[in-house]
Amino acid sequence: MSESNDKMNYEDVMKLALERGFYFPSCEVYSDAQAGFWEYGPSGVSLKNKFLELWRRELIRRDGMLEIDGSQIMSKSVFEASGHLGNFADPIIRCTKCRSTFRADRLIAEISKIDIPESADLAEFDNAISQNNIKCPKCKSDFEKTRKFNMMFRVGIGPEEEEAYLRPETCQSIFVDFPRLFKTMRGKLPLGIAQVGKSFRNEISPRQSLLRLREFYQAEIEVFCNPSRLDVVEKFAEIQDTVIRVQTDSAPVAMTCKEAVESKVIPNKFVAYYLGILTEFYEKTGIDISKSRFRKLGEKEKAFYAQVAFDFEVETTIGWLELVACNYRSDYDLSSHANKSKEKFEVMDDEQKVLPHVFEISMGIDRSLYTILEHSIREDKENERIVLSVKPYLAPVHVGVLSLVKKDGLKEKTDEIFIGIKRKFDAFLDHSGAIGRRYRRLDEIGAPFAITVDHQTLEDDTVTIRSRDSMSQDRIKTSDLDSLLSKETSFP
RNA sequence: GCGGAAUUAGUCUAGCUCGGUAUGACGUCAGCUUCCCAAGCUGGAGGCCGCGGGUUCAAAUCCCGCAUUCCGCACCA
């Protein structure tokens with residue numbers, strides 16, 4: 001890459017997304033469209049599908065995990081057991097005058113130094129506020145009564161509107177399905193169970209398109225393990241020399257997985273193994289790994305169910321973005337569901353009956369796709385073009401099929417070549433306009449190749465194939481197109 | 001949710017002060033031209049000016065409400 005190739009920012013990605021069909025606001029023709037909902041267009045869907053195929057290859061198949069597809073609406077009991085009905089709700093207070101909203105527990109703690117657990121009875125907050133004479137910090141007025149704001153979307157099922165919820169994370173189906181899956185799929189610990197799907201959170205202020213949505217995609221992996229065998233990991237050898245970047249305090253430090261375990265930065269080989277294969281996966285997405293870190297979360301930052309937590313974050317032009325939450329959830333989930341449902345969640349491992357612990361790799365797909373776009377898009381000023389230099393196997397379009405000119409039978413020959421490859425590859429046929437313009441369009445959606453039919457094609461059945469990044473062209477036989485494209489666009 | 005700014009075609013934008021149904025560019029489509037990198041020529045499509053209400057003979061323009069977007073704050077599993 002020469003120095004004229006400039007990296008681009010959030011605005012540039014947004015513009016590309018709108019103009020080229022990656023993503024755009026949901027319901028935009030109606031004025032009552034709600035914030036926090038976005039649609040993927042054709043280019044976005046194609047990128048997402050390929051990203052998920054890579055995820056399946058690099059994590060699911062590599063580790064022999066099971067993938068399921070659960071319901072998005074789940075019953076009240078699930079979330080009573082999971083703790084989301086109690087803990088996913090914040091006690092909030094609103095000023096009667098300026099209508100500013102605050103977290104009741106945090107404001108009380110800040111002003112009067114009294115710690116009230118956020119799950120406490122609402123009256124406790126009201127009492128503390130009146131006894132300590134707490135007023136709105138902005139306008140000094142009184143507060144309304146404390147109320148709970150739960151970030152789950154409630155839905156009513158059937159004519160009686162039975163209480164149920166849109167899942168706030170996909171993994172709860174994995175936990176409740178675990179006993180059946182372990183039995184019927186002949187499970188053995190450690191066992192990874194994965195799921196891709198939508199989750200729903202009623203965010204107070206959704207922002208920045210794909211980065212904080214109310215309806216979003218997660219790809220979650222829950223690895224069930226025997227907590228006494230966290231350092232007995234045969235596969236560890238595969239990734240012991242893989243370099244990961246870990247940040248425990250001020251700055252990320254690059255180290256191999258082996259070093260991370262030996263220096264106790266990562267608590268055990270089991271966790272290190274998964275952080276290792278996750279890093280290898282993200283390297284293959286084309287995200288710049290030198291701008292990544294596993295940030296170890298402090299006590300206050302961790303989710304209510306997590307014992308140890310690392311966030312996989314990547315630096316972008318709008319700051320560090322959390323792409324994956326890696327949580328060691330211990331037996332929090334399985335024991336909660338066991339207690340609530342009275343089902344047995346213990347399994348046999350090595351002649352020992354255990355209630356498995358869970359290590360979770362909870363990936364935000366939308367944010368990952370944004371980051372891939374931002375790290376791939378560049379302005380090639382020398383050639384006056386925007387190029388999306390994504391990995392060929394992730395490109396929304398693999399190849400453009402162009403006629404140099406429309407006449408003299410070139411159009412027909414081009415159509416014929418297009419028909420020959422369009423089922424196997426994401427190919428885009430284009431006859432209209434100047435050839436340079438057509439190349440530019442393909443550059444913007446990241447098509448790694450363009451094949452062009454010219455007069456010589458009619459004579460010797462060869463075409464030129466142009467590479468997106470170098471703009472250089474080679475002449476090849478049409479009979480070699482299939483094998484060349486297969487090789488160049490295949491997953492690593 | 002609070003404060004500030006904004007919202008005009010696929011994208012960017014002029015017009016708003018001082019009311020008379022909208023400007024330009026890029027893009028897009030068709031044709032001509034051109035055998036290789038956003039060229040040129042001709043022609044076309046595309047806007048209830050974010051939504052709703054008010055004032056007025058008349059509203060993109062003035063007033064009110066709402067929504068969305070962006071920037072801060074707060075929140076963020």
# chains A, B, ... in the order shown; residues from 1 in each chain; ligands from 1
>>> residues_around(residues="stretch 44-58 of chain B", least_positions_apart="3", cutoff="12 Å", atoms="only C-alpha atoms (C1' of nucleotides)", output="ChimeraX atom specification")
/A:28-33 /B:6-10,15-16,19-22,27-31,61-69
>>> interface_residues(of="chain B", to="chain A", cutoff="6 Å", atoms="only C-alpha atoms (C1' of nucleotides)", output="PyMOL selection string")
chain B and resi 1-2+37-38+51+67+77
>>> write_last_selection(atoms="all heavy atoms", output="CSV table (one decimal), in the first residue's frame")
chain,number,residue,atom,x,y,z
B,1,G,P,-37.9,9.5,25.6
B,1,G,OP1,-39.1,9.3,26.4
B,1,G,OP2,-37.5,9.0,24.5
B,1,G,O5',-36.7,9.8,26.6
B,1,G,C5',-36.9,9.7,27.9
B,1,G,C4',-35.8,10.3,28.7
B,1,G,O4',-34.6,9.5,28.7
B,1,G,C3',-35.2,11.7,28.2
B,1,G,O3',-36.1,12.7,28.4
B,1,G,C2',-34.0,11.7,29.0
B,1,G,O2',-34.2,12.1,30.3
B,1,G,C1',-33.5,10.3,29.0
B,1,G,N9,-32.5,10.0,28.0
B,1,G,C8,-32.5,9.3,26.9
B,1,G,N7,-31.4,9.3,26.2
B,1,G,C5,-30.5,10.0,27.0
B,1,G,C6,-29.2,10.4,26.8
B,1,G,O6,-28.4,10.0,25.9
B,1,G,N1,-28.7,11.2,27.8
B,1,G,C2,-29.4,11.6,28.9
B,1,G,N2,-28.8,12.3,29.8
B,1,G,N3,-30.7,11.3,29.1
B,1,G,C4,-31.2,10.5,28.1
B,2,C,P,-36.0,14.1,27.6
B,2,C,OP1,-37.2,14.9,28.0
B,2,C,OP2,-35.8,13.8,26.2
B,2,C,O5',-34.8,14.8,28.3
B,2,C,C5',-34.8,15.4,29.6
B,2,C,C4',-33.5,16.0,29.9
B,2,C,O4',-32.4,15.0,29.9
B,2,C,C3',-33.0,17.0,28.9
B,2,C,O3',-33.6,18.3,29.1
B,2,C,C2',-31.5,17.1,29.1
B,2,C,O2',-31.2,17.8,30.3
B,2,C,C1',-31.2,15.6,29.4
B,2,C,N1,-30.8,14.9,28.2
B,2,C,C2,-29.5,15.0,27.8
B,2,C,O2,-28.7,15.7,28.4
B,2,C,N3,-29.1,14.3,26.6
B,2,C,C4,-30.0,13.6,26.0
B,2,C,N4,-29.5,13.0,24.9
B,2,C,C5,-31.3,13.5,26.4
B,2,C,C6,-31.7,14.1,27.5
B,37,C,P,-7.6,2.8,-20.0
B,37,C,OP1,-8.0,3.5,-21.2
B,37,C,OP2,-6.2,2.6,-19.6
B,37,C,O5',-8.4,3.4,-18.7
B,37,C,C5',-9.8,3.6,-18.8
B,37,C,C4',-10.3,3.6,-17.3
B,37,C,O4',-10.2,2.2,-16.9
B,37,C,C3',-9.5,4.4,-16.4
B,37,C,O3',-10.4,5.0,-15.5
B,37,C,C2',-8.6,3.4,-15.7
B,37,C,O2',-8.3,3.8,-14.3
B,37,C,C1',-9.6,2.2,-15.6
B,37,C,N1,-8.9,0.9,-15.4
B,37,C,C2,-9.0,0.3,-14.2
B,37,C,O2,-9.7,0.8,-13.3
B,37,C,N3,-8.4,-0.9,-14.0
B,37,C,C4,-7.7,-1.4,-15.0
B,37,C,N4,-7.1,-2.6,-14.7
B,37,C,C5,-7.5,-0.8,-16.3
B,37,C,C6,-8.2,0.4,-16.4
B,38,A,P,-11.0,6.5,-15.8
B,38,A,OP1,-10.5,7.0,-17.1
B,38,A,OP2,-10.7,7.3,-14.6
B,38,A,O5',-12.5,6.2,-16.0
B,38,A,C5',-13.3,5.7,-15.0
B,38,A,C4',-14.6,6.5,-14.8
B,38,A,O4',-14.9,6.3,-13.4
B,38,A,C3',-14.4,8.0,-15.0
B,38,A,O3',-15.7,8.5,-15.4
B,38,A,C2',-14.1,8.5,-13.6
B,38,A,O2',-14.5,9.8,-13.4
B,38,A,C1',-15.0,7.6,-12.8
B,38,A,N9,-14.6,7.4,-11.4
B,38,A,C8,-13.4,7.6,-10.8
B,38,A,N7,-13.5,7.3,-9.5
B,38,A,C5,-14.8,6.9,-9.3
B,38,A,C6,-15.5,6.4,-8.2
B,38,A,N6,-14.9,6.3,-7.0
B,38,A,N1,-16.7,6.1,-8.3
B,38,A,C2,-17.3,6.2,-9.5
B,38,A,N3,-16.7,6.6,-10.6
B,38,A,C4,-15.5,6.9,-10.5
B,51,C,P,-42.3,14.7,5.2
B,51,C,OP1,-42.9,14.1,4.0
B,51,C,OP2,-42.2,16.2,5.3
B,51,C,O5',-43.1,14.2,6.4
B,51,C,C5',-43.4,12.8,6.6
B,51,C,C4',-44.1,12.6,8.0
B,51,C,O4',-43.2,13.0,9.0
B,51,C,C3',-45.3,13.5,8.2
B,51,C,O3',-46.5,13.1,7.6
B,51,C,C2',-45.4,13.5,9.7
B,51,C,O2',-45.9,12.3,10.2
B,51,C,C1',-43.9,13.6,10.1
B,51,C,N1,-43.4,14.9,10.3
B,51,C,C2,-43.7,15.5,11.6
B,51,C,O2,-44.4,14.9,12.4
B,51,C,N3,-43.3,16.8,11.8
B,51,C,C4,-42.5,17.4,10.9
B,51,C,N4,-42.1,18.7,11.2
B,51,C,C5,-42.2,16.9,9.6
B,51,C,C6,-42.7,15.6,9.4
B,67,A,P,-40.7,11.9,20.4
B,67,A,OP1,-40.8,10.7,21.4
B,67,A,OP2,-39.9,13.0,20.8
B,67,A,O5',-40.3,11.4,19.0
B,67,A,C5',-40.9,10.2,18.4
B,67,A,C4',-40.4,10.0,17.0
B,67,A,O4',-40.7,11.2,16.2
B,67,A,C3',-38.9,9.9,16.9
B,67,A,O3',-38.4,8.6,17.2
B,67,A,C2',-38.6,10.2,15.4
B,67,A,O2',-39.0,9.2,14.6
B,67,A,C1',-39.7,11.4,15.3
B,67,A,N9,-39.1,12.7,15.5
B,67,A,C8,-39.2,13.5,16.6
B,67,A,N7,-38.5,14.6,16.5
B,67,A,C5,-38.0,14.6,15.3
B,67,A,C6,-37.2,15.5,14.5
B,67,A,N6,-36.8,16.7,15.0
B,67,A,N1,-36.8,15.2,13.3
B,67,A,C2,-37.2,14.0,12.8
B,67,A,N3,-37.9,13.0,13.4
B,67,A,C4,-38.3,13.4,14.6
B,77,A,P,-23.0,-3.2,31.4
B,77,A,OP1,-23.5,-3.7,32.7
B,77,A,OP2,-21.9,-2.3,31.3
B,77,A,O5',-22.6,-4.5,30.5
B,77,A,C5',-21.9,-5.5,31.0
B,77,A,C4',-22.4,-6.7,30.2
B,77,A,O4',-23.5,-7.3,31.0
B,77,A,C3',-22.9,-6.3,28.9
B,77,A,O3',-21.9,-6.6,27.9
B,77,A,C2',-24.2,-7.2,28.7
B,77,A,O2',-23.9,-8.3,27.9
B,77,A,C1',-24.5,-7.5,30.1
B,77,A,N9,-25.7,-6.7,30.6
B,77,A,C8,-25.7,-5.8,31.6
B,77,A,N7,-26.9,-5.3,31.8
B,77,A,C5,-27.7,-5.9,30.8
B,77,A,C6,-29.0,-5.8,30.4
B,77,A,N6,-29.9,-5.0,31.1
B,77,A,N1,-29.5,-6.6,29.4
B,77,A,C2,-28.6,-7.4,28.8
B,77,A,N3,-27.3,-7.6,29.0
B,77,A,C4,-26.9,-6.8,30.1
>>> residues_around(residues="A:Val324", least_positions_apart="4", cutoff="7 Å", atoms="only C-alpha atoms (C1' of nucleotides)", output="list in words")
Asp311, Phe312, Ile361, Ser362, Met363 and Gly364 of chain A
>>> write_last_selection(atoms="N, CA, C and O atoms", output="mmCIF file, in the first residue's frame")
data_model
loop_
_atom_site.group_PDB
_atom_site.id
_atom_site.type_symbol
_atom_site.label_atom_id
_atom_site.label_comp_id
_atom_site.auth_asym_id
_atom_site.auth_seq_id
_atom_site.Cartn_x
_atom_site.Cartn_y
_atom_site.Cartn_z
ATOM 1 N N ASP A 311 -12.943 -8.736 27.495
ATOM 2 C CA ASP A 311 -13.605 -8.217 26.312
ATOM 3 C C ASP A 311 -12.595 -8.167 25.176
ATOM 4 O O ASP A 311 -11.500 -7.624 25.356
ATOM 5 N N PHE A 312 -12.974 -8.722 24.026
ATOM 6 C CA PHE A 312 -12.121 -8.564 22.850
ATOM 7 C C PHE A 312 -12.510 -7.254 22.187
ATOM 8 O O PHE A 312 -13.658 -7.093 21.759
ATOM 9 N N ILE A 361 -18.182 -17.296 24.685
ATOM 10 C CA ILE A 361 -17.583 -16.388 23.700
ATOM 11 C C ILE A 361 -18.745 -15.752 22.959
ATOM 12 O O ILE A 361 -19.312 -16.334 22.050
ATOM 13 N N SER A 362 -19.111 -14.561 23.406
ATOM 14 C CA SER A 362 -20.334 -13.919 22.928
ATOM 15 C C SER A 362 -19.969 -12.807 21.960
ATOM 16 O O SER A 362 -19.531 -11.732 22.349
ATOM 17 N N MET A 363 -20.186 -13.096 20.683
ATOM 18 C CA MET A 363 -19.709 -12.202 19.634
ATOM 19 C C MET A 363 -20.825 -11.306 19.120
ATOM 20 O O MET A 363 -21.931 -11.779 18.862
ATOM 21 N N GLY A 364 -20.513 -10.040 18.971
ATOM 22 C CA GLY A 364 -21.446 -9.121 18.335
ATOM 23 C C GLY A 364 -21.167 -9.102 16.843
ATOM 24 O O GLY A 364 -20.108 -8.647 16.408
#
>>> select_by_dssp(residues="stretch 182-420 of chain A", states="strand (DSSP E or B)", output="ChimeraX atom specification")
/A:191-200,207,212,215-225,243-247,253-256,292-296,308-316,319-330,347-349,352-354,357-364,377-380,385-388,399-403
>>> residues_around(residues="A:Asp105", least_positions_apart="5", cutoff="9 Å", atoms="only C-alpha atoms (C1' of nucleotides)", output="PDB file with all heavy atoms, in the first residue's frame")
ATOM      1  N   ASP A  90     -32.797  -1.851  35.849  1.00  0.00           N
ATOM      2  CA  ASP A  90     -32.163  -0.837  36.674  1.00  0.00           C
ATOM      3  C   ASP A  90     -33.231  -0.031  37.409  1.00  0.00           C
ATOM      4  O   ASP A  90     -34.236   0.342  36.817  1.00  0.00           O
ATOM      5  CB  ASP A  90     -31.361   0.129  35.804  1.00  0.00           C
ATOM      6  CG  ASP A  90     -30.213  -0.569  35.106  1.00  0.00           C
ATOM      7  OD1 ASP A  90     -29.744  -1.582  35.643  1.00  0.00           O
ATOM      8  OD2 ASP A  90     -29.807  -0.105  34.033  1.00  0.00           O
ATOM      9  N   PRO A  91     -32.987   0.270  38.709  1.00  0.00           N
ATOM     10  CA  PRO A  91     -33.891   1.197  39.394  1.00  0.00           C
ATOM     11  C   PRO A  91     -33.565   2.611  38.916  1.00  0.00           C
ATOM     12  O   PRO A  91     -32.417   3.036  38.985  1.00  0.00           O
ATOM     13  CB  PRO A  91     -33.530   1.008  40.870  1.00  0.00           C
ATOM     14  CG  PRO A  91     -32.142   0.469  40.865  1.00  0.00           C
ATOM     15  CD  PRO A  91     -31.912  -0.226  39.564  1.00  0.00           C
ATOM     16  N   ILE A  92     -34.558   3.296  38.388  1.00  0.00           N
ATOM     17  CA  ILE A  92     -34.269   4.644  37.889  1.00  0.00           C
ATOM     18  C   ILE A  92     -35.216   5.667  38.521  1.00  0.00           C
ATOM     19  O   ILE A  92     -36.343   5.346  38.912  1.00  0.00           O
ATOM     20  CB  ILE A  92     -34.379   4.738  36.351  1.00  0.00           C
ATOM     21  CG1 ILE A  92     -35.742   4.265  35.860  1.00  0.00           C
ATOM     22  CG2 ILE A  92     -33.276   3.930  35.680  1.00  0.00           C
ATOM     23  CD1 ILE A  92     -35.986   4.543  34.399  1.00  0.00           C
ATOM     24  N   GLU A 110     -23.634   8.020  45.502  1.00  0.00           N
ATOM     25  CA  GLU A 110     -22.744   9.143  45.242  1.00  0.00           C
ATOM     26  C   GLU A 110     -22.961  10.280  46.241  1.00  0.00           C
ATOM     27  O   GLU A 110     -22.024  10.854  46.765  1.00  0.00           O
ATOM     28  CB  GLU A 110     -23.035   9.651  43.821  1.00  0.00           C
ATOM     29  CG  GLU A 110     -22.009  10.615  43.264  1.00  0.00           C
ATOM     30  CD  GLU A 110     -22.420  11.072  41.860  1.00  0.00           C
ATOM     31  OE1 GLU A 110     -22.735  10.181  41.024  1.00  0.00           O
ATOM     32  OE2 GLU A 110     -22.464  12.271  41.635  1.00  0.00           O
ATOM     33  N   ILE A 114     -24.625   5.774  50.793  1.00  0.00           N
ATOM     34  CA  ILE A 114     -25.352   4.571  51.228  1.00  0.00           C
ATOM     35  C   ILE A 114     -25.433   3.615  50.047  1.00  0.00           C
ATOM     36  O   ILE A 114     -25.850   4.008  48.965  1.00  0.00           O
ATOM     37  CB  ILE A 114     -26.795   4.915  51.671  1.00  0.00           C
ATOM     38  CG1 ILE A 114     -26.764   5.938  52.797  1.00  0.00           C
ATOM     39  CG2 ILE A 114     -27.545   3.652  52.108  1.00  0.00           C
ATOM     40  CD1 ILE A 114     -28.134   6.473  53.145  1.00  0.00           C
ATOM     41  N   ASP A 115     -25.018   2.360  50.270  1.00  0.00           N
ATOM     42  CA  ASP A 115     -25.098   1.364  49.207  1.00  0.00           C
ATOM     43  C   ASP A 115     -26.375   0.555  49.325  1.00  0.00           C
ATOM     44  O   ASP A 115     -26.568  -0.163  50.298  1.00  0.00           O
ATOM     45  CB  ASP A 115     -23.885   0.423  49.270  1.00  0.00           C
ATOM     46  CG  ASP A 115     -22.691   1.052  48.563  1.00  0.00           C
ATOM     47  OD1 ASP A 115     -22.917   1.793  47.583  1.00  0.00           O
ATOM     48  OD2 ASP A 115     -21.554   0.819  49.018  1.00  0.00           O
ATOM     49  N   ILE A 116     -27.238   0.708  48.347  1.00  0.00           N
ATOM     50  CA  ILE A 116     -28.436  -0.120  48.286  1.00  0.00           C
ATOM     51  C   ILE A 116     -28.289  -1.019  47.065  1.00  0.00           C
ATOM     52  O   ILE A 116     -28.029  -0.508  45.977  1.00  0.00           O
ATOM     53  CB  ILE A 116     -29.710   0.738  48.139  1.00  0.00           C
ATOM     54  CG1 ILE A 116     -29.783   1.766  49.271  1.00  0.00           C
ATOM     55  CG2 ILE A 116     -30.953  -0.140  48.122  1.00  0.00           C
ATOM     56  CD1 ILE A 116     -30.952   2.726  49.150  1.00  0.00           C
ATOM     57  N   PRO A 117     -28.410  -2.339  47.247  1.00  0.00           N
ATOM     58  CA  PRO A 117     -28.271  -3.200  46.076  1.00  0.00           C
ATOM     59  C   PRO A 117     -29.325  -2.859  45.033  1.00  0.00           C
ATOM     60  O   PRO A 117     -30.464  -2.512  45.386  1.00  0.00           O
ATOM     61  CB  PRO A 117     -28.479  -4.612  46.625  1.00  0.00           C
ATOM     62  CG  PRO A 117     -28.781  -4.478  48.068  1.00  0.00           C
ATOM     63  CD  PRO A 117     -28.708  -3.051  48.481  1.00  0.00           C
ATOM     64  N   GLU A 118     -28.937  -2.956  43.764  1.00  0.00           N
ATOM     65  CA  GLU A 118     -29.860  -2.502  42.719  1.00  0.00           C
ATOM     66  C   GLU A 118     -31.109  -3.363  42.639  1.00  0.00           C
ATOM     67  O   GLU A 118     -32.122  -2.952  42.087  1.00  0.00           O
ATOM     68  CB  GLU A 118     -29.150  -2.454  41.367  1.00  0.00           C
ATOM     69  CG  GLU A 118     -28.555  -3.788  40.928  1.00  0.00           C
ATOM     70  CD  GLU A 118     -27.913  -3.676  39.556  1.00  0.00           C
ATOM     71  OE1 GLU A 118     -27.120  -2.765  39.347  1.00  0.00           O
ATOM     72  OE2 GLU A 118     -28.229  -4.523  38.708  1.00  0.00           O
ATOM     73  N   PHE A 125     -35.359   2.649  47.991  1.00  0.00           N
ATOM     74  CA  PHE A 125     -34.747   3.789  47.297  1.00  0.00           C
ATOM     75  C   PHE A 125     -35.493   5.076  47.631  1.00  0.00           C
ATOM     76  O   PHE A 125     -34.893   6.101  47.927  1.00  0.00           O
ATOM     77  CB  PHE A 125     -34.759   3.557  45.781  1.00  0.00           C
ATOM     78  CG  PHE A 125     -33.919   2.387  45.348  1.00  0.00           C
ATOM     79  CD1 PHE A 125     -34.505   1.198  44.964  1.00  0.00           C
ATOM     80  CD2 PHE A 125     -32.532   2.485  45.345  1.00  0.00           C
ATOM     81  CE1 PHE A 125     -33.730   0.124  44.566  1.00  0.00           C
ATOM     82  CE2 PHE A 125     -31.743   1.415  44.952  1.00  0.00           C
ATOM     83  CZ  PHE A 125     -32.345   0.222  44.553  1.00  0.00           C
TER      84      PHE A 125
END
>>> atom_distance(atom1="atom CA of A:Met65", atom2="atom CA of A:Glu322")
23.9 Å
>>> select_by_dssp(residues="stretch 13-207 of chain A", states="helix (DSSP H, G or I)", output="number ranges by chain")
A: 13-19, 42-63, 76-82, 84-87, 104-112, 122-131, 171-184
>>> atom_distance(atom1="atom CA of A:Ala251", atom2="atom CA of A:Phe310")
14.2 Å
>>> residues_around(residues="A:Ile193", least_positions_apart="3", cutoff="9 Å", atoms="only C-alpha atoms (C1' of nucleotides)", output="VMD selection string")
chain A and resid 60 65 to 68 174 178 181 220 to 224
>>> write_last_selection(atoms="C-alpha atoms", output="PDB file, in the first residue's frame")
ATOM      1  CA  ILE A  60     -17.468 -24.427  15.350  1.00  0.00           C
ATOM      2  CA  MET A  65     -18.997 -27.748  18.520  1.00  0.00           C
ATOM      3  CA  LEU A  66     -22.731 -28.239  18.097  1.00  0.00           C
ATOM      4  CA  GLU A  67     -24.806 -25.466  16.554  1.00  0.00           C
ATOM      5  CA  ILE A  68     -28.463 -24.941  17.402  1.00  0.00           C
ATOM      6  CA  ILE A 174     -28.191 -23.213  24.878  1.00  0.00           C
ATOM      7  CA  PHE A 178     -28.085 -28.543  27.371  1.00  0.00           C
ATOM      8  CA  LEU A 181     -28.236 -32.045  23.633  1.00  0.00           C
ATOM      9  CA  GLU A 220     -22.567 -17.093  20.865  1.00  0.00           C
ATOM     10  CA  ILE A 221     -20.561 -20.081  21.964  1.00  0.00           C
ATOM     11  CA  GLU A 222     -20.992 -21.692  25.350  1.00  0.00           C
ATOM     12  CA  VAL A 223     -18.297 -24.201  26.196  1.00  0.00           C
ATOM     13  CA  PHE A 224     -19.330 -26.624  28.939  1.00  0.00           C
TER      14      PHE A 224
END
